[in-house]
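Below is one structure, written out as structure tokens, with a few remarks after it.
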Amino acid sequence: MGFNKTFTGDEDMKAAEFAELLQLSHEDQKKIQDIEITDVTQDTRQLSDGCCFVAIKGLHFNGNEHVQEAADAGARLIVASEPVSITGDAVVVTVPDTQKALAQLSARFFGDPSAEMTMFGVTGTNGKTTITHLISKILDDHGSKTGIIGTMYNKIGDKKLPTINTTPDPHTVQKLLRQMDDEDVMECAMEVSSIALVQGRAWGIDFDTAVFTNLTEDHLDFHKTVENYFDAKALLFSQLGNSYHKTSKPKTAVINIDDPYGRRLIDKTAANVLTYGTHGQGLLQAKNIQVTSHGTKFDLSIYGHEYPVHLKLMGDFNVYNALSAFGATYEHGLEPEEIIKSLESVEGVRGRFQVVPNDQDVTVIVDYAHTPDGLKNVLNTINAFAEKRVFCVVGCGGDRETEKRPIMADIALNNSTDAIFTSDNPRTEDPEAILDEMVAKVPKDSYTRNSDRREAIYYALSKAQAGDVVLIAGKGHEDYQIIGTTKHHFDDVEVVNDFYADDEK
Ligand SMILES: CC(=O)N[C@H]1[C@@H](OP(=O)(O)OP(=O)(O)OC[C@H]2O[C@@H](n3ccc(=O)[nH]c3=O)[C@H](O)[C@@H]2O)O[C@H](CO)[C@@H](O)[C@@H]1O[C@H](C)C(=O)N[C@@H](C)C(=O)N[C@H](CCC(=O)O)C(=O)O
Ligand SMILES: Nc1ncnc2c1ncn2[C@@H]1O[C@H](COP(=O)(O)OP(=O)(O)OP(=O)(O)O)[C@@H](O)[C@H]1O
Ligand SMILES: N[C@H](CCC[C@H](N)C(=O)O)C(=O)O
Ligand SMILES: [Mg+2]
């Protein structure tokens with residue numbers, strides 16, 4: 001294979017190992033031949049003597065303009081995407097795509113850890129965090145030590161590490177995978193966001209299984225069109241089995257065939273395809289779905305065998321999540337009965353349809369629904385069992401796509417008795433302006449509006465009576481509210497508990 005798989009990032013590495021990856025000219029290969037590398041970094045704040053600096057052009061910072069700084073700080077090899085000149089001994093090579101280069105060099109530097117593990121990559125608009133947790137739970141129950149990379153945290157066995165992005169930058173990912181492999185993690189379930197795929201953050205990861213959940217409107221501020229958004233998701237599937245690792249591990253794509261974009265994905269991958277669905281199509285199917293206030297029942301059918309399933313997870317969208325986790329672990333070789341037993345034991349995932357107990361007999365639900373489709377699904381699930389009123393507290397994030405704002409307001413109004421619009425991470429936008437956009441097309445007297453999220457939640461809870469449901473949507477597990485550029489502590493579950501504690505006084 002021509003590369004050193006046992007390298008672990010602990011020792012210096014010959015830059016010549018990068019020559020093939022970077023497709024360097026003969027001349028450039030000669031220039032880097034005698035260089036030893038102590039680290040790979042794309043961040044001028046992490047430079048060290050002997051490192052390889054990869055210049056990334058981001059939205060706010062162009063690494064190409066800081067190559068001299070890198071050289072002065074001891075970088076021996078500089079990989080740039082624009083012609084640059086420096087003084088000093090560092091060698092500069094130029095490649096067309098430094099994001100891809102960063103991903104591949106980081107992978108190689110850390111000894112290609114993903115090739116040592118079974119990697120499950122999960123993409124789609126909604127369900128990624130839930131599915132990665134289900135996959136991890138099933139494998140843990142089977143006796144494995146697993147890892148998770150995703151929105152809430154990165155997890156190595158029982159150890160949780162904080163994270164900024166759902167899919168971190170390639171250097172962070174590869175370092176983390178190296179740590180997982182060193183700590184005997186055998187399987188890793190990873191959320192792969194569309195933005196990360198476009199930015200090449202997932203290049204250099206040798207995925208074994210790719211899961212597609214669904215595609216509905218999200219992140220249009222970044223992708224501009226739904227078609228671009230689909231193309232981004234499709235990269236996980238077209239790259240499956242096509243990464244530079246060229247391992248012989250069999251590759252599987254687990255695809256939601258009920259979703260029109262899922263059907264289009266089938267032709268985009270060279271991997272084996274396991275389709276799943278609930279509308280009578282798919283190799284893996286859920287039939288006779290029954291949603292109750294205590295969970296979800298269905299019959300799981302795969303290759304002509306049927307198994308009854310009773311999930312504690314609420315909502316038919318969780319049937320899809322369960323099917324995809326089933327498909328991924330079944331193809332990995334686990335027995336259906338064993339997988340189903342694990343799925344049935346899952347109480348829930350934090351911030352996903354999380355019921356907050358209280359002594360007022362109000363069903364309070366904190367849920368991370370922050371897309372139109374997510375919100376609609378959660379409200380549909382609630383309306384399927386709600387006997388009295390449904391209050392919906394919801395907002396839309398600032399500095400993120402604006403198109404979804406009126407749509408989410410509309411969904412809240414049409415699927416609840418009382419809609420209360422509030423803030424959800426306004427970031428650098430004016431919270432009132434976000435609310436104005438949400439309610440632009442709806443009659444003034446049809447909703448309640450309060451940009452103070454705590455007050456909005458208190459309002460809904462104070463109105464709710466025994467038998468009512470209060471949905472607090474958008475923030476789920478988040479324990480902060482970003483106002484301007486400051487993160488303030490804020491936790492929906494905590495606010496609900498505060499309300500009921502205050503109420504007792
Ligand atoms: C829009 C976007 O994707 N932004 C990501 C991007 O930031 P950016 O383009 O502003 O980067 P930048 O600050 O210009 O820096 C460019 C390069 O210069 C380097 N740099 C920067 C500053 C400096 O002093 N020195 C330096 O060397 C940086 O390390 C980086 O390599 O690169 C950063 C480093 O990798 C990411 O953390 C950052 O994610 C921000 C925090 C973000 O909010 N991203 C969201 C939109 C996102 O990626 N979301 C997806 C999907 C979420 C989901 O649906 O679950 C995710 O995967 O998280
Ligand atoms: N399969 C699904 N289909 C539609 N909606 C879903 C599905 N699974 C979960 N949801 C809804 O979307 C919300 C987010 O779920 P989850 O965190 O699992 O998705 P995600 O894809 O990881 O989101 P993110 O892109 O923010 O990382 C849930 O709280 C629920 O309301
Ligand atoms: N993964 C999503 C999270 C949105 C969560 C919501 N609370 C918000 O801040 O808009 C994103 O980066 O768009
Ligand atoms: Mg997620």
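Residues are referred to by chain and number: the chain letter is A, B, ... according to the order shown in the structure tokens, the number counts from 1 in that chain, and ligands are numbered separately from 1 in the order shown.
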Discussion item. As a ChimeraX atom specification, please: every residue in range 351-458 of chain A that DSSP puts in alpha helix (DSSP H).
Written reply: /A:372-385,404-414,431-439,453-458
Worksheet item: Running DSSP on the backbone, which parts of range 365-419 of chain A land in strand (DSSP E or B), as a PyMOL selection string?
Response: chain A and resi 365-367+390-394+418-419
Item to complete: Using only C-alpha atoms, determine which residues lie at most 12 Å from Gly474 in chain A, disregarding the query and same-chain residues fewer than 3 positions distant; provide the list as a count of residues only.
Response: 36
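The space separating CA of Ser451 in chain A from atom 42 (C, counted along the ligand's line) of ligand 1 comes to 23.2 Å.
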Item to complete: For ligand 2, collect every residue having any atom at a distance of at most 9 Å from a ligand atom (counting only C-alpha atoms and all ligand atoms); output as a PyMOL selection string.
Response: chain A and resi 122-133+150-152+166-167+191-194+213-216+218+315-322+349+351-354+366-371+373-379+473-477
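Taking CA of Gln104 in chain A and CA of Leu265 in chain A as the two end points, the separation is 25.0 Å.
Nearest residue to ligand 1 among A:Gly200, A:Gly58, A:Gly333, A:Gly241 is A:Gly58, counting only C-alpha atoms and all ligand atoms.
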Worksheet item: Hey, what's within 10 Å of range 494-501 of chain A if we count only C-alpha atoms and toss same-chain stuff fewer than 2 positions away? As number ranges by chain, please?
Response: A: 356-360, 364-366, 453-455, 457-459, 461-462, 472, 479, 490-492, 503-505
Selected residues written out with N, CA and C atoms, as a PDB file, in the first residue's frame:
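File again25.pdb, as written:
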ATOM      1  N   VAL A 356     -39.954  15.840  30.620  1.00  0.00           N
ATOM      2  CA  VAL A 356     -39.468  16.366  31.899  1.00  0.00           C
ATOM      3  C   VAL A 356     -40.555  16.145  32.958  1.00  0.00           C
ATOM      4  N   PRO A 357     -40.303  15.237  33.906  1.00  0.00           N
ATOM      5  CA  PRO A 357     -41.335  14.899  34.882  1.00  0.00           C
ATOM      6  C   PRO A 357     -41.693  16.095  35.761  1.00  0.00           C
ATOM      7  N   ASN A 358     -42.954  16.188  36.147  1.00  0.00           N
ATOM      8  CA  ASN A 358     -43.395  17.243  37.073  1.00  0.00           C
ATOM      9  C   ASN A 358     -44.632  16.726  37.804  1.00  0.00           C
ATOM     10  N   ASP A 359     -44.996  17.426  38.887  1.00  0.00           N
ATOM     11  CA  ASP A 359     -46.104  16.904  39.694  1.00  0.00           C
ATOM     12  C   ASP A 359     -47.452  17.526  39.304  1.00  0.00           C
ATOM     13  N   GLN A 360     -47.496  18.225  38.135  1.00  0.00           N
ATOM     14  CA  GLN A 360     -48.742  18.887  37.723  1.00  0.00           C
ATOM     15  C   GLN A 360     -49.492  18.092  36.647  1.00  0.00           C
ATOM     16  N   VAL A 364     -44.419  17.655  29.658  1.00  0.00           N
ATOM     17  CA  VAL A 364     -43.483  18.661  29.138  1.00  0.00           C
ATOM     18  C   VAL A 364     -42.397  17.926  28.353  1.00  0.00           C
ATOM     19  N   ILE A 365     -42.227  18.334  27.105  1.00  0.00           N
ATOM     20  CA  ILE A 365     -41.265  17.649  26.224  1.00  0.00           C
ATOM     21  C   ILE A 365     -40.224  18.648  25.719  1.00  0.00           C
ATOM     22  N   VAL A 366     -38.948  18.325  25.942  1.00  0.00           N
ATOM     23  CA  VAL A 366     -37.859  19.136  25.385  1.00  0.00           C
ATOM     24  C   VAL A 366     -37.310  18.369  24.186  1.00  0.00           C
ATOM     25  N   ARG A 453     -36.370  33.687  26.281  1.00  0.00           N
ATOM     26  CA  ARG A 453     -36.761  32.268  26.231  1.00  0.00           C
ATOM     27  C   ARG A 453     -37.244  31.767  27.590  1.00  0.00           C
ATOM     28  N   ARG A 454     -36.611  32.225  28.637  1.00  0.00           N
ATOM     29  CA  ARG A 454     -37.032  31.779  29.974  1.00  0.00           C
ATOM     30  C   ARG A 454     -38.477  32.219  30.236  1.00  0.00           C
ATOM     31  N   GLU A 455     -38.741  33.492  29.918  1.00  0.00           N
ATOM     32  CA  GLU A 455     -40.106  34.006  30.145  1.00  0.00           C
ATOM     33  C   GLU A 455     -41.107  33.266  29.259  1.00  0.00           C
ATOM     34  N   ILE A 457     -40.956  30.197  28.169  1.00  0.00           N
ATOM     35  CA  ILE A 457     -41.205  28.850  28.716  1.00  0.00           C
ATOM     36  C   ILE A 457     -42.093  28.970  29.962  1.00  0.00           C
ATOM     37  N   TYR A 458     -41.781  29.941  30.817  1.00  0.00           N
ATOM     38  CA  TYR A 458     -42.593  30.135  32.031  1.00  0.00           C
ATOM     39  C   TYR A 458     -44.045  30.427  31.657  1.00  0.00           C
ATOM     40  N   TYR A 459     -44.236  31.223  30.606  1.00  0.00           N
ATOM     41  CA  TYR A 459     -45.586  31.583  30.176  1.00  0.00           C
ATOM     42  C   TYR A 459     -46.363  30.326  29.784  1.00  0.00           C
ATOM     43  N   LEU A 461     -45.767  27.199  30.545  1.00  0.00           N
ATOM     44  CA  LEU A 461     -45.985  26.286  31.679  1.00  0.00           C
ATOM     45  C   LEU A 461     -47.062  26.826  32.618  1.00  0.00           C
ATOM     46  N   SER A 462     -47.128  28.161  32.736  1.00  0.00           N
ATOM     47  CA  SER A 462     -48.130  28.727  33.652  1.00  0.00           C
ATOM     48  C   SER A 462     -49.542  28.578  33.083  1.00  0.00           C
ATOM     49  N   ILE A 472     -41.170  22.146  24.068  1.00  0.00           N
ATOM     50  CA  ILE A 472     -40.165  23.220  24.030  1.00  0.00           C
ATOM     51  C   ILE A 472     -39.131  22.763  23.004  1.00  0.00           C
ATOM     52  N   ASP A 479     -26.912  23.523  26.376  1.00  0.00           N
ATOM     53  CA  ASP A 479     -26.987  24.134  27.710  1.00  0.00           C
ATOM     54  C   ASP A 479     -26.540  25.592  27.641  1.00  0.00           C
ATOM     55  N   PHE A 490     -27.837  28.238  29.549  1.00  0.00           N
ATOM     56  CA  PHE A 490     -29.296  28.141  29.412  1.00  0.00           C
ATOM     57  C   PHE A 490     -29.649  26.704  29.071  1.00  0.00           C
ATOM     58  N   ASP A 491     -30.539  26.143  29.862  1.00  0.00           N
ATOM     59  CA  ASP A 491     -30.868  24.731  29.669  1.00  0.00           C
ATOM     60  C   ASP A 491     -32.380  24.603  29.812  1.00  0.00           C
ATOM     61  N   ASP A 492     -33.065  24.225  28.727  1.00  0.00           N
ATOM     62  CA  ASP A 492     -34.538  24.159  28.737  1.00  0.00           C
ATOM     63  C   ASP A 492     -35.047  23.285  29.887  1.00  0.00           C
ATOM     64  N   ASP A 503     -42.946  27.259  41.595  1.00  0.00           N
ATOM     65  CA  ASP A 503     -44.389  27.115  41.716  1.00  0.00           C
ATOM     66  C   ASP A 503     -44.805  26.552  43.073  1.00  0.00           C
ATOM     67  N   GLU A 504     -43.897  25.729  43.619  1.00  0.00           N
ATOM     68  CA  GLU A 504     -44.225  25.093  44.902  1.00  0.00           C
ATOM     69  C   GLU A 504     -44.173  26.071  46.055  1.00  0.00           C
ATOM     70  N   LYS A 505     -43.377  27.174  45.867  1.00  0.00           N
ATOM     71  CA  LYS A 505     -43.153  28.102  46.992  1.00  0.00           C
ATOM     72  C   LYS A 505     -44.411  28.906  47.310  1.00  0.00           C
TER      73      LYS A 505
END
Worksheet entry | ligand 1 neighbours within 6 Å using only C-alpha atoms and all ligand atoms, as a list of chain:residue names | A:Gln42, A:Asp43, A:Thr44, A:Arg45, A:Ile56, A:Lys57, A:Gly58, A:Leu59, A:His60, A:Phe61, A:Asn62, A:Gly63, A:Thr151, A:Asn165, A:Thr166, A:Thr167, A:Asp169, A:Ser193, A:Ile195, A:Ala196
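For Leu283 in chain A, the list of residues within 10 Å, based on only C-alpha atoms and with local chain neighbours fewer than 6 positions off taken out, reads Ile257, Val273, Leu274, Thr275, Tyr276, Gly277, Ser301, Ile302, Tyr303, Gly304 and Gly327 of chain A.
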Item to complete: Extract, using only C-alpha atoms, all DNA, RNA and protein residues at most 10 Å from Asp430 in chain A, discarding same-chain residues fewer than 3 positions from it, and format them as a PyMOL selection string.
Response: chain A and resi 398+423+426-427+433-436+451+483-484
